[in-house]
>>> print(open('my_file.txt').read())   # compact mmCIF, C-alpha atoms and all ligand atoms
# COMPACT_ATOMS: atom_id res chain seq x y z
CA MET Q 593 0.00 0.00 0.00
CA ALA Q 594 1.36 3.38 -1.01
CA ASP Q 595 2.17 5.86 1.74
CA ASN Q 596 0.78 9.33 0.85
CA SER Q 597 1.87 11.07 4.04
CA GLY Q 598 5.15 12.24 2.53
CA ALA Q 599 3.33 13.80 -0.40
CA ALA Q 600 0.85 15.50 1.94
CA ALA Q 601 3.70 16.90 4.03
CA ALA Q 602 5.34 18.19 0.88
CA ASP Q 603 2.10 19.94 -0.02
CA VAL Q 604 2.06 21.70 3.34
CA VAL Q 605 5.60 22.95 2.93
CA THR Q 606 5.42 24.02 -0.68
CA ASP Q 607 1.84 25.14 -1.27
CA GLN Q 608 2.08 28.92 -1.11
CA ASN Q 609 -0.60 31.40 -2.16
CA GLU Q 610 -0.18 34.87 -3.59
CA GLY Q 611 -0.26 36.60 -0.24
CA GLY Q 612 2.81 34.70 0.89
CA VAL Q 613 0.97 32.72 3.55
CA ASP Q 614 1.55 29.08 3.02
CA ARG Q 615 -0.57 26.28 4.29
CA ARG Q 616 1.85 25.58 7.12
CA ASP Q 617 1.39 29.17 8.33
CA PHE Q 618 -2.33 28.64 8.29
CA ILE Q 619 -2.01 25.42 10.26
CA ASN Q 620 0.23 27.18 12.81
CA ILE Q 621 -2.22 30.09 13.16
CA ALA Q 622 -5.10 27.65 13.60
CA ALA Q 623 -3.12 25.76 16.23
CA ILE Q 624 -2.33 28.96 18.15
CA SER Q 625 -5.97 30.03 18.05
CA ALA Q 626 -7.02 26.67 19.41
CA ALA Q 627 -4.41 26.97 22.17
CA GLY Q 628 -5.76 30.45 22.98
CA ILE Q 629 -9.26 29.13 23.39
CA GLY Q 630 -7.94 26.23 25.46
CA GLY Q 631 -6.03 28.75 27.57
CA LEU Q 632 -9.20 30.72 28.23
CA ALA Q 633 -10.97 27.57 29.24
CA VAL Q 634 -8.20 26.88 31.76
CA VAL Q 635 -8.00 30.46 33.08
CA TYR Q 636 -11.71 30.86 33.73
CA PRO Q 637 -11.98 28.21 36.47
CA LEU Q 638 -8.94 29.75 38.19
CA VAL Q 639 -10.54 33.21 38.17
CA SER Q 640 -13.77 31.65 39.25
CA GLN Q 641 -12.01 30.00 42.17
CA MET Q 642 -10.43 33.34 43.14
CA ALA Q 643 -13.85 35.04 43.50
CA PRO Q 644 -15.05 35.18 47.13
CA SER Q 645 -17.35 32.36 48.07
CA ALA Q 646 -20.80 32.94 49.51
CA ASP Q 647 -19.39 32.04 52.94
CA VAL Q 648 -16.66 34.67 52.70
CA LEU Q 649 -19.17 37.33 51.58
CA ALA Q 650 -21.47 36.40 54.44
CA GLU Q 651 -18.62 36.97 56.89
CA SER Q 652 -17.41 40.24 55.41
CA SER Q 653 -17.73 43.43 57.41
CA THR Q 654 -18.02 47.11 56.49
CA GLU Q 655 -16.19 49.92 58.27
CA LEU Q 656 -17.72 53.39 58.13
CA ASP Q 657 -16.55 56.76 59.39
CA VAL Q 658 -19.64 58.24 61.06
CA SER Q 659 -17.98 61.25 62.65
CA ALA Q 660 -19.10 63.69 59.95
CA ILE Q 661 -22.79 62.76 60.05
CA GLN Q 662 -24.61 65.71 61.57
CA PRO Q 663 -27.88 65.47 63.54
CA GLY Q 664 -30.69 65.10 61.02
CA GLN Q 665 -28.38 63.62 58.40
CA ALA Q 666 -28.12 60.05 57.18
CA ILE Q 667 -25.85 58.17 54.84
CA LYS Q 668 -26.52 55.18 52.65
CA ALA Q 669 -23.85 52.52 52.60
CA VAL Q 670 -23.65 48.93 51.46
CA PHE Q 671 -23.28 45.97 53.75
CA ARG Q 672 -23.05 42.48 52.28
CA LYS Q 673 -24.46 43.80 49.03
CA GLN Q 674 -27.50 45.31 50.73
CA PRO Q 675 -28.29 48.95 51.54
CA LEU Q 676 -27.44 50.15 55.01
CA PHE Q 677 -28.73 53.38 56.57
CA VAL Q 678 -26.78 55.25 59.24
CA ARG Q 679 -28.60 58.20 60.73
CA ARG Q 680 -27.68 60.76 63.35
CA LEU Q 681 -30.90 61.58 65.19
CA THR Q 682 -31.76 65.06 66.34
CA ALA Q 683 -32.77 65.67 69.96
CA GLU Q 684 -36.38 65.94 68.78
CA GLU Q 685 -36.19 62.63 66.93
CA ILE Q 686 -34.76 60.92 70.02
CA GLN Q 687 -37.49 62.44 72.14
CA ALA Q 688 -40.19 61.33 69.69
CA ALA Q 689 -38.85 57.76 69.73
CA ASN Q 690 -38.65 57.65 73.51
CA ALA Q 691 -42.10 59.17 73.97
CA THR Q 692 -43.82 56.43 71.95
CA PRO Q 693 -45.63 53.92 74.21
CA LEU Q 694 -44.37 50.42 73.51
CA GLY Q 695 -48.00 49.25 73.42
CA GLU Q 696 -48.45 51.19 70.20
CA LEU Q 697 -45.70 49.29 68.47
CA ARG Q 698 -46.20 46.28 66.24
CA ASP Q 699 -42.62 45.16 66.95
CA ALA Q 700 -42.01 46.57 70.42
CA GLN Q 701 -38.47 47.78 70.91
CA THR Q 702 -37.06 50.87 72.58
CA LEU Q 703 -34.61 53.19 70.89
CA ALA Q 704 -32.05 52.13 73.52
CA GLU Q 705 -32.48 48.51 72.46
CA ARG Q 706 -31.90 49.46 68.85
CA THR Q 707 -28.79 51.58 69.40
CA LYS Q 708 -25.56 51.31 71.39
CA GLU Q 709 -25.19 52.59 74.92
CA GLY Q 710 -23.78 56.11 74.90
CA HIS Q 711 -24.59 56.41 71.18
CA ASN Q 712 -28.38 56.55 71.24
CA ASP Q 713 -28.25 59.24 68.59
CA LEU Q 714 -26.79 56.95 65.95
CA LEU Q 715 -29.33 54.66 64.33
CA VAL Q 716 -27.83 51.90 62.17
CA THR Q 717 -30.31 49.82 60.21
CA MET Q 718 -30.52 47.83 57.04
CA GLY Q 719 -32.16 49.86 54.29
CA VAL Q 720 -34.44 47.00 53.39
CA CYS Q 721 -38.18 47.12 54.01
CA THR Q 722 -39.26 44.12 56.05
CA HIS Q 723 -42.36 43.69 53.92
CA LEU Q 724 -41.00 42.62 50.54
CA GLY Q 725 -37.52 44.07 50.53
CA CYS Q 726 -37.83 47.46 48.81
CA VAL Q 727 -35.40 50.20 49.78
CA PRO Q 728 -37.29 52.76 51.87
CA LEU Q 729 -36.98 56.51 51.36
CA GLY Q 730 -35.83 58.93 54.03
CA ALA Q 731 -32.06 58.56 54.17
CA ALA Q 732 -31.26 61.12 51.49
CA GLU Q 733 -31.96 64.79 51.96
CA GLY Q 734 -35.43 65.80 50.79
CA GLU Q 735 -36.80 62.26 50.62
CA ASN Q 736 -40.19 61.43 52.07
CA LYS Q 737 -39.68 60.21 55.66
CA GLY Q 738 -43.24 59.06 56.10
CA GLU Q 739 -45.83 59.94 58.70
CA PHE Q 740 -43.54 59.15 61.62
CA GLY Q 741 -40.46 61.03 60.46
CA GLY Q 742 -38.19 58.03 59.93
CA TYR Q 743 -38.36 56.09 56.71
CA PHE Q 744 -41.09 55.50 54.19
CA CYS Q 745 -41.40 52.55 51.83
CA PRO Q 746 -43.50 53.63 48.85
CA CYS Q 747 -43.83 50.12 47.43
CA HIS Q 748 -46.87 49.35 49.60
CA GLY Q 749 -46.87 52.22 52.07
CA SER Q 750 -44.91 51.17 55.14
CA HIS Q 751 -44.03 53.97 57.56
CA TYR Q 752 -41.12 53.65 59.99
CA ASP Q 753 -40.48 56.04 62.88
CA THR Q 754 -37.31 57.82 63.95
CA ALA Q 755 -36.03 54.61 65.56
CA GLY Q 756 -36.69 52.65 62.34
CA ARG Q 757 -39.68 50.89 63.92
CA ILE Q 758 -42.66 49.92 61.81
CA ARG Q 759 -45.64 52.08 62.64
CA LYS Q 760 -48.03 51.80 59.71
CA GLY Q 761 -48.41 49.70 56.58
CA PRO Q 762 -47.84 46.05 55.77
CA ALA Q 763 -44.24 45.58 56.97
CA PRO Q 764 -44.33 43.10 59.87
CA THR Q 765 -41.18 44.10 61.76
CA ASN Q 766 -38.82 47.00 62.41
CA LEU Q 767 -35.94 47.72 60.06
CA GLU Q 768 -33.25 45.23 60.96
CA VAL Q 769 -30.37 46.46 63.10
CA PRO Q 770 -27.25 44.56 62.01
CA GLU Q 771 -24.41 43.57 64.29
CA TYR Q 772 -21.99 46.46 64.61
CA ALA Q 773 -19.48 47.99 67.01
CA PHE Q 774 -17.96 51.43 67.54
CA SER Q 775 -14.27 52.16 67.40
CA PRO Q 776 -12.86 53.25 70.80
CA ASP Q 777 -13.03 56.92 69.82
CA GLY Q 778 -16.60 56.58 68.51
CA ALA Q 779 -15.64 57.94 65.10
CA LYS Q 780 -16.15 54.71 63.18
CA ILE Q 781 -18.38 51.70 63.21
CA THR Q 782 -17.63 48.24 61.94
CA VAL Q 783 -20.74 46.48 60.70
CA GLY Q 784 -20.76 42.71 60.61
FE1 LIG C 1 -42.00 48.04 51.61
FE2 LIG C 1 -43.97 46.49 50.64
S1 LIG C 1 -41.83 46.32 50.30
S2 LIG C 1 -44.13 48.22 51.90
>>> encode(input="my_file.txt", output="structure tokens")
Amino acid sequence: MADNSGAAAADVVTDQNEGGVDRRDFINIAAISAAGIGGLAVVYPLVSQMAPSADVLAESSTELDVSAIQPGQAIKAVFRKQPLFVRRLTAEEIQAANATPLGELRDAQTLAERTKEGHNDLLVTMGVCTHLGCVPLGAAEGENKGEFGGYFCPCHGSHYDTAGRIRKGPAPTNLEVPEYAFSPDGAKITVG
């Protein structure tokens, strides 16, 4: 049986087109392209493995400088990919929260229970309505704070008071207060 492989190899070496690219060049280019695609396929799982796992994200914490937040101001931050509200209450807002009889509350909690001792003026809550998870208004300047001066969720009309407690509307519980701690000088908080 005749062996044609030598003739085929000769074709590869000698078959040259007008542009000066011979068939061997084409084969080399094709091989490099295939290697490039293979390389991508290898790199992707490595990158994928470098991304933080759900466990790591769940354990991550957020540090915030709260020293510049003036009474009546709030900031929106992000904690574990969810909105976080940090609000410096005015004396009137503290008074309003403390004057509310617990019997009037759907989810009875005092302002003191929802803040840290010595820092009752700093309210730290998730910015997630406890009804169906919308982001309430009231943290940014000029936003509707609802009938109780705290936060208002326009999705279905939940009103939260100055301590972030649910007062009216379908939300079943107060805005969640995450775990957090103050730095020794009180200028920062670490959430999570
Ligand atoms: Fe806020 Fe429904 S999600 S009231």
>>> residues_near_ligand(input="my_file.txt", ligand="ligand LIG 1 (chain C)", cutoff="12 Å", atoms="all atoms listed in the file", output="number ranges by chain")
Q: 719-729, 738, 743-752, 758-767
>>> axis_aligned_box(input="my_file.txt", around="segment 658-677 of chain Q", padding_each_side="6 Å", output="lines of an AutoDock Vina configuration file")
center_x = -24.3
center_y = 54.1
center_z = 56.3
size_x = 24.7
size_y = 35.2
size_z = 26.5
>>> atom_distance(input="my_file.txt", atom1="atom CA of Asp713 of chain Q", atom2="atom CA of Leu681 of chain Q")
4.9 Å
>>> atom_distance(input="my_file.txt", atom1="atom CA of Lys673 of chain Q", atom2="atom CA of Gly734 of chain Q")
24.6 Å
>>> residues_around(input="my_file.txt", residues="Gly784 of chain Q", least_positions_apart="5", cutoff="7 Å", atoms="only C-alpha atoms", output="list in words")
Ser652, Ser653, Thr654, Pro770, Glu771 and Tyr772 of chain Q
>>> closest_residue(input="my_file.txt", among="Q:Val769, Q:Ala683, Q:Ala731, Q:Ala669", to="Glu705 of chain Q", atoms="all atoms listed in the file")
Q:Val769
>>> atom_distance(input="my_file.txt", atom1="atom CA of Gln687 of chain Q", atom2="atom CA of Glu735 of chain Q")
21.5 Å
>>> residues_around(input="my_file.txt", residues="Gly664 of chain Q", least_positions_apart="4", cutoff="8 Å", atoms="all atoms listed in the file", output="number ranges by chain")
Q: 679-682
>>> residues_around(input="my_file.txt", residues="Ser659 of chain Q", least_positions_apart="3", cutoff="9 Å", atoms="only C-alpha atoms", output="PyMOL selection string")
chain Q and resi 662+778-780
>>> closest_residue(input="my_file.txt", among="Q:Asn690, Q:Gln665, Q:Thr782, Q:Asn736", to="Ala704 of chain Q", atoms="all atoms listed in the file")
Q:Asn690
>>> residues_around(input="my_file.txt", residues="Ala691 of chain Q", least_positions_apart="4", cutoff="12 Å", atoms="all atoms listed in the file", output="number ranges by chain")
Q: 684-687, 695-697, 702-703, 753-755
>>> build_atoms(input="my_file.txt", residues="segment 662-687 of chain Q", atoms="N, CA and C atoms", output="compact mmCIF listing (two decimals), in the coordinates of the input")
# COMPACT_ATOMS: atom_id res chain seq x y z
N GLN Q 662 -24.03 64.71 60.66
CA GLN Q 662 -24.61 65.71 61.57
C GLN Q 662 -26.02 65.28 61.99
N PRO Q 663 -26.51 65.77 63.14
CA PRO Q 663 -27.88 65.47 63.54
C PRO Q 663 -28.86 65.83 62.41
N GLY Q 664 -29.74 64.89 62.11
CA GLY Q 664 -30.69 65.10 61.02
C GLY Q 664 -30.20 64.57 59.68
N GLN Q 665 -28.93 64.15 59.65
CA GLN Q 665 -28.38 63.62 58.40
C GLN Q 665 -28.30 62.09 58.46
N ALA Q 666 -28.29 61.50 57.27
CA ALA Q 666 -28.12 60.05 57.18
C ALA Q 666 -27.24 59.76 55.98
N ILE Q 667 -26.60 58.62 56.01
CA ILE Q 667 -25.85 58.17 54.84
C ILE Q 667 -26.37 56.79 54.45
N LYS Q 668 -26.19 56.51 53.15
CA LYS Q 668 -26.52 55.18 52.65
C LYS Q 668 -25.20 54.48 52.36
N ALA Q 669 -25.05 53.30 52.87
CA ALA Q 669 -23.85 52.52 52.60
C ALA Q 669 -24.29 51.15 52.10
N VAL Q 670 -23.33 50.29 51.91
CA VAL Q 670 -23.65 48.93 51.46
C VAL Q 670 -23.01 47.95 52.42
N PHE Q 671 -23.79 47.01 52.87
CA PHE Q 671 -23.28 45.97 53.75
C PHE Q 671 -23.73 44.62 53.20
N ARG Q 672 -22.75 43.80 52.87
CA ARG Q 672 -23.05 42.48 52.28
C ARG Q 672 -24.03 42.61 51.12
N LYS Q 673 -23.72 43.56 50.27
CA LYS Q 673 -24.46 43.80 49.03
C LYS Q 673 -25.87 44.33 49.25
N GLN Q 674 -26.18 44.76 50.47
CA GLN Q 674 -27.50 45.31 50.73
C GLN Q 674 -27.37 46.73 51.27
N PRO Q 675 -28.38 47.58 51.03
CA PRO Q 675 -28.29 48.95 51.54
C PRO Q 675 -28.32 49.01 53.06
N LEU Q 676 -27.54 49.94 53.56
CA LEU Q 676 -27.44 50.15 55.01
C LEU Q 676 -27.65 51.64 55.26
N PHE Q 677 -28.49 51.98 56.22
CA PHE Q 677 -28.73 53.38 56.57
C PHE Q 677 -28.06 53.68 57.92
N VAL Q 678 -27.35 54.79 57.97
CA VAL Q 678 -26.78 55.25 59.24
C VAL Q 678 -27.25 56.68 59.44
N ARG Q 679 -27.92 56.91 60.54
CA ARG Q 679 -28.60 58.20 60.73
C ARG Q 679 -28.27 58.77 62.09
N ARG Q 680 -27.92 60.05 62.08
CA ARG Q 680 -27.68 60.76 63.35
C ARG Q 680 -28.99 61.46 63.72
N LEU Q 681 -29.60 61.02 64.80
CA LEU Q 681 -30.90 61.58 65.19
C LEU Q 681 -30.73 62.94 65.86
N THR Q 682 -31.71 63.78 65.62
CA THR Q 682 -31.76 65.06 66.34
C THR Q 682 -32.33 64.80 67.74
N ALA Q 683 -32.21 65.80 68.61
CA ALA Q 683 -32.77 65.67 69.96
C ALA Q 683 -34.27 65.44 69.88
N GLU Q 684 -34.93 66.10 68.94
CA GLU Q 684 -36.38 65.94 68.78
C GLU Q 684 -36.72 64.52 68.30
N GLU Q 685 -35.93 63.99 67.42
CA GLU Q 685 -36.19 62.63 66.93
C GLU Q 685 -35.99 61.60 68.03
N ILE Q 686 -34.99 61.82 68.88
CA ILE Q 686 -34.76 60.92 70.02
C ILE Q 686 -35.94 61.00 70.99
N GLN Q 687 -36.37 62.22 71.23
CA GLN Q 687 -37.49 62.44 72.14
C GLN Q 687 -38.76 61.78 71.60
